[in-house]
There are 2 protein chains.
Amino acid sequence: MKKYNAVYAQSGGVTSVINASAYGTIVAALEAKEIDRIFAGVNGIKGILNEDLFDLTEEKRSEIDRIPYTPGAIFGSCRTRIESDDDFERLFKVFDAHSIRYFFYNGGNDSMDTAHRLNEKADEIGFPLKVIGIPKTVDNDLLETDHCPGFGSAARFTAISIMEATRDLKSMYSDSTKVFIMESMGRHTGWLAASGSLASTDRFHGPQIILLPEVSFDEESFIERVEDVIMKEGYCSIVASEALKRPDGSYISTAGYYDAFGNVQLGKIGQYLERAIREALKCKVHVALPDYLQRSSRHVASLIDWQEAVEVGALAVREAVNGESGIMISIRRLSGKPYLKEYTKASLEQVANGTKELPSDFISDDGFYVTEEFKSYALPLIQGEAPNLYLHGLPMYENLQRIKTEKLL
Amino acid sequence: MKKYNAVYAQSGGVTSVINASAYGTIVAALEAKEIDRIFAGVNGIKGILNEDLFDLTEEKRSEIDRIPYTPGAIFGSCRTRIESDDDFERLFKVFDAHSIRYFFYNGGNDSMDTAHRLNEKADEIGFPLKVIGIPKTVDNDLLETDHCPGFGSAARFTAISIMEATRDLKSMYSDSTKVFIMESMGRHTGWLAASGSLASTDRFHGPQIILLPEVSFDEESFIERVEDVIMKEGYCSIVASEALKRPDGSYISTAGYYDAFGNVQLGKIGQYLERAIREALKCKVHVALPDYLQRSSRHVASLIDWQEAVEVGALAVREAVNGESGIMISIRRLSGKPYLKEYTKASLEQVANGTKELPSDFISDDGFYVTEEFKSYALPLIQGEAPNLYLHGLPMYENLQRIKTEKLL
């Protein structure tokens, strides 16, 4: 049997466990008798376009074993979208030149759309390419899967951070800061902001308010709610999605701020809310903007999420060598208590470009919090602590040789 | 022998290990044969003024044992300064009414000043009060001690966070974000910002630039440096102290931002730098503002820092029952490799109101980084992982009964 090569590429914003999926894919490919060499695109699919590939086949296994302990996207990611026929043609040229017959694409909905189109083109031109999507996003907004690898760890970061910060606020409110706001990622959906609710296992629960993009933001009732919480509890802890919208559908975070030069400022939602509260309630407000920290805080990754990230990568290889193509590995929940799941397959076409919003039964009636149903959904996903490798109190990451393949085109 | 009571109070901004010092103090007081009951001020010294005290003597030991696992200041802190003679008089009335002869004050330089003045007043009026300061600050700016409990954990948060975020940036820079800025606490000094340098153990070291308040900020040379780093490495990761100053001594973070209403905005330094870089270099910049997270991230506390925080609390009790007063427990480093220290005593008067800046030999010649001497100083303080209690992936905190003493005045 002639063996062919495989290529793996990372795409879009990273998660703290995207490299766990890289690890699952690489090790499964190294073990698969159908696969000869395993490559990775340098900076995602751009690397494939440019024939810029790492060959992982000769890397030391001890370094490969460190990959799942490393945050970021170890081979580089990109935000490039493959659109033109020229680009697709070029991809097939590279696949052909490097005897690549397996393509593993680790990304979100845009990437699943690219993978889907690539799969269709392969069918059209009769190129024997197996295309498998590996889900990844902290936003948790992919269709056709119970949840997305990456979400559980970002949710755990969010819940633990707001728990800790609320204890801080609780210490200070008597004569200083009364409101703490933490901004949360999620361009279109509130899954990550909602996960702040898991912190409510603590007696001094925080947050008391969660602002979701699925609920249109009414400033007046928000301020009333903050005032009410402060009256009752003395302090108010808030998680706010970066993507809050006004009733007319416009984003709040792109309006209202001007710098000294009069340029409109790409506002931060936390800072917008800080000003609104400070002006209305005349109290001190603190704001945290975790930004990259929430999606790269590998040190606080969830064990379940980390394991699932490895497994979806490894299963992608298994499906590909079994002849599957045009699918994404997805997760189906069998039960919540205890948490049981199975892996299944979703058609790339069905995943492509769709967005899963928080369902309405996950949002409280008043729109300022989530329901117990949401907590039951999310809690299994943050279980356990993914192990870390520490030396001198600092994490140790991979140190691969990063051997490039020879360019043939 | 007649036994007297003791009171412990927390003051100022919290650290992730201030409760470890509370624990050390409380348990040592419970064990000390000279001490009858151990109280804590509700919201710091304000609680003592208001005769608002928790009595910890009857709390379950199993709950007390959870105190060092809890972030924030469990008894509440305050930013109240004791200044008037009336306040000092009132404090002695409360001490007298509640048979308090030991006062343990856990705080920064302002608090050590208050403790010093209280000790002097006690001498003046002949009140047999023992006053011991317990150091605490993430700023690490207390005089007369090698370092301050709280700093090591915040330094570890800073180093790990910038290490993770730099890996994120490294993933994205090829066609997206080229600069990441993380803002760091430190009202007067750059100790915490400097600790970002510990991340440079990683091959893809970050940060490449550290902006310290000890170095006056020159925007032009800063932009040149950022451009230079991007040219060489493709991306630039920055830790910036919140307290940067212009050459004329004015704070940068209070200038330059106006909201939609034309009001000057209390600027965030990260956002200021983001704008400056974006305008000058036309590239995408991400900013993180960890705010409370850096001083309350108990989940990533340093083991050394956590242990030392317990020990300074316990030693405060030991010194007090041995008749000492007017001192702060301090730490003297005996060697760096391996790290060896001993505990010693500093006079409160010498600590009061002084500020220890980063010495010039800890700052690189060009002012954009720190020296190896700084790293050798700071690395021992972030060693090890303080243990966490986790249930369902979330930390478990204390759940004390919080029994109030009866008011007698």
# chains A, B, ... in the order shown; residues from 1 in each chain; ligands from 1
$ select_by_dssp --residues "stretch 308-394 of chain A" --states "helix (DSSP H, G or I)" --output "number ranges by chain"
A: 308-321, 348-351, 360-362, 372-382
$ interface_residues --of "chain B" --to "chain A" --cutoff "7 Å" --atoms "only C-alpha atoms" --output "PyMOL selection string"
chain B and resi 14+43+71-74+76-79+160-161+164-165+167-168+170-172+174-176+256-260+287-293+296-297+382-385+392-394
$ residues_around --residues "B:Phe368" --least-positions-apart "5" --cutoff "6 Å" --atoms "only C-alpha atoms" --output "list in words"
Ile209, Ile210 and Leu211 of chain B
$ write_last_selection --atoms "N, CA and C atoms" --output "tab-separated table (two decimals), in the first residue's frame"
chain	number	residue	atom	x	y	z
B	209	ILE	N	9.54	44.43	25.67
B	209	ILE	CA	9.67	45.78	26.24
B	209	ILE	C	8.93	45.83	27.58
B	210	ILE	N	9.57	46.44	28.58
B	210	ILE	CA	8.91	46.68	29.87
B	210	ILE	C	9.02	48.18	30.17
B	211	LEU	N	7.87	48.78	30.41
B	211	LEU	CA	7.86	50.22	30.70
B	211	LEU	C	7.66	50.42	32.20
$ closest_residue --among "B:Asp110, B:Glu220, B:Asp52, B:Glu120" --to "B:Asp141" --atoms "only C-alpha atoms"
B:Asp110
$ residues_around --residues "B:Ala22" --least-positions-apart "4" --cutoff "10 Å" --atoms "only C-alpha atoms" --output "list in words"
Tyr8, Ala9, Gln10, Val17, Ile18, Ile26, Val27, Ala28, Ala40, Ile64, Ile67, Pro68, Ala73, Ile74, Phe75, Phe104, Tyr105, Asn106, Ile134, Ala309, Val310, Val312, Gly313 and Ala314 of chain B
$ write_last_selection --atoms "C-alpha atoms" --output "PDB file, in the first residue's frame"
ATOM      1  CA  TYR B   8      -6.036  41.507  63.560  1.00  0.00           C
ATOM      2  CA  ALA B   9      -6.950  43.938  60.778  1.00  0.00           C
ATOM      3  CA  GLN B  10      -6.425  43.967  57.022  1.00  0.00           C
ATOM      4  CA  VAL B  17      -1.987  35.713  49.966  1.00  0.00           C
ATOM      5  CA  ILE B  18      -3.123  38.315  52.506  1.00  0.00           C
ATOM      6  CA  ILE B  26      -5.097  33.570  63.811  1.00  0.00           C
ATOM      7  CA  VAL B  27      -3.757  30.080  64.328  1.00  0.00           C
ATOM      8  CA  ALA B  28      -0.686  31.355  66.188  1.00  0.00           C
ATOM      9  CA  ALA B  40     -10.634  40.650  63.445  1.00  0.00           C
ATOM     10  CA  ILE B  64     -10.094  28.355  59.597  1.00  0.00           C
ATOM     11  CA  ILE B  67      -8.653  30.745  55.006  1.00  0.00           C
ATOM     12  CA  PRO B  68      -5.274  30.566  53.237  1.00  0.00           C
ATOM     13  CA  ALA B  73      -9.400  40.081  52.346  1.00  0.00           C
ATOM     14  CA  ILE B  74     -11.767  37.771  54.174  1.00  0.00           C
ATOM     15  CA  PHE B  75     -12.565  40.222  56.986  1.00  0.00           C
ATOM     16  CA  PHE B 104      -1.701  43.049  64.323  1.00  0.00           C
ATOM     17  CA  TYR B 105      -1.921  45.271  61.274  1.00  0.00           C
ATOM     18  CA  ASN B 106      -1.571  43.651  57.849  1.00  0.00           C
ATOM     19  CA  ILE B 134       2.596  42.338  58.972  1.00  0.00           C
ATOM     20  CA  ALA B 309       2.720  35.084  54.101  1.00  0.00           C
ATOM     21  CA  VAL B 310       1.638  32.473  56.659  1.00  0.00           C
ATOM     22  CA  VAL B 312       5.076  36.523  58.828  1.00  0.00           C
ATOM     23  CA  GLY B 313       1.592  36.349  60.371  1.00  0.00           C
ATOM     24  CA  ALA B 314       2.590  33.650  62.835  1.00  0.00           C
TER      25      ALA B 314
END
$ residues_around --residues "B:Ser184" --least-positions-apart "6" --cutoff "10 Å" --atoms "only C-alpha atoms" --output "number ranges by chain"
B: 139, 154-155, 158, 190-196, 211-212, 239-243, 269-270, 288-291, 294
$ write_last_selection --atoms "N, CA and C atoms" --output "short mmCIF file (atom, residue, chain, number, x, y, z; two decimals), in the first residue's frame"
data_model
loop_
_atom_site.label_atom_id
_atom_site.label_comp_id
_atom_site.auth_asym_id
_atom_site.auth_seq_id
_atom_site.Cartn_x
_atom_site.Cartn_y
_atom_site.Cartn_z
N ASP B 139 2.78 45.63 45.33
CA ASP B 139 3.70 46.64 44.78
C ASP B 139 5.15 46.39 45.17
N ALA B 154 1.70 37.92 42.68
CA ALA B 154 1.31 38.83 41.60
C ALA B 154 2.37 38.79 40.49
N ALA B 155 3.64 38.64 40.89
CA ALA B 155 4.72 38.53 39.90
C ALA B 155 4.55 37.26 39.07
N THR B 158 1.81 37.75 36.63
CA THR B 158 2.26 38.62 35.55
C THR B 158 3.15 37.85 34.58
N GLY B 190 7.93 50.06 39.76
CA GLY B 190 7.77 49.14 38.65
C GLY B 190 8.06 47.69 38.96
N TRP B 191 8.07 47.31 40.25
CA TRP B 191 8.42 45.93 40.61
C TRP B 191 7.57 44.91 39.87
N LEU B 192 6.27 45.17 39.83
CA LEU B 192 5.38 44.17 39.24
C LEU B 192 5.53 44.12 37.72
N ALA B 193 5.58 45.28 37.09
CA ALA B 193 5.80 45.31 35.64
C ALA B 193 7.12 44.59 35.31
N ALA B 194 8.14 44.86 36.11
CA ALA B 194 9.45 44.26 35.88
C ALA B 194 9.38 42.73 35.90
N SER B 195 8.49 42.19 36.71
CA SER B 195 8.42 40.74 36.87
C SER B 195 7.93 40.05 35.60
N GLY B 196 7.37 40.82 34.66
CA GLY B 196 7.04 40.25 33.35
C GLY B 196 8.28 39.65 32.68
N LEU B 211 7.87 48.78 30.41
CA LEU B 211 7.86 50.22 30.70
C LEU B 211 7.66 50.42 32.20
N LEU B 212 8.63 51.07 32.83
CA LEU B 212 8.66 51.24 34.28
C LEU B 212 8.44 52.70 34.66
N VAL B 239 4.91 44.87 28.62
CA VAL B 239 4.27 45.07 29.92
C VAL B 239 4.49 46.52 30.31
N ALA B 240 3.42 47.21 30.63
CA ALA B 240 3.51 48.64 30.93
C ALA B 240 2.94 48.92 32.31
N SER B 241 3.71 49.62 33.11
CA SER B 241 3.22 50.02 34.42
C SER B 241 2.13 51.08 34.26
N GLU B 242 1.11 51.00 35.10
CA GLU B 242 0.01 51.96 35.04
C GLU B 242 0.47 53.38 35.37
N ALA B 243 1.65 53.50 35.99
CA ALA B 243 2.05 54.79 36.57
C ALA B 243 3.15 55.48 35.75
N ILE B 269 -3.35 53.23 30.78
CA ILE B 269 -2.08 53.38 30.08
C ILE B 269 -2.02 52.49 28.85
N GLY B 270 -2.58 51.27 28.95
CA GLY B 270 -2.54 50.34 27.82
C GLY B 270 -3.24 50.92 26.61
N ALA B 288 -4.49 44.15 27.26
CA ALA B 288 -5.13 43.51 28.41
C ALA B 288 -4.92 44.39 29.64
N LEU B 289 -5.97 44.48 30.42
CA LEU B 289 -5.94 45.23 31.66
C LEU B 289 -6.39 44.24 32.75
N PRO B 290 -5.46 43.56 33.38
CA PRO B 290 -5.89 42.51 34.33
C PRO B 290 -6.56 43.07 35.59
N ASP B 291 -6.20 44.29 35.96
CA ASP B 291 -6.82 44.93 37.13
C ASP B 291 -6.81 43.99 38.33
N GLN B 294 -4.74 40.48 38.80
CA GLN B 294 -3.32 40.29 39.13
C GLN B 294 -3.07 40.22 40.62
#
$ atom_distance --atom1 "atom CA of A:Leu118" --atom2 "atom CA of A:Ile132"
10.4 Å
$ closest_residue --among "A:Val229, A:Leu409, A:Tyr339, A:Lys404" --to "A:Leu91" --atoms "only C-alpha atoms"
A:Leu409
$ atom_distance --atom1 "atom CA of B:Glu214" --atom2 "atom CA of B:Leu273"
17.4 Å
$ closest_residue --among "A:Thr25, A:Thr57, A:Asn353, A:Ser111" --to "A:Gln401" --atoms "only C-alpha atoms"
A:Thr57
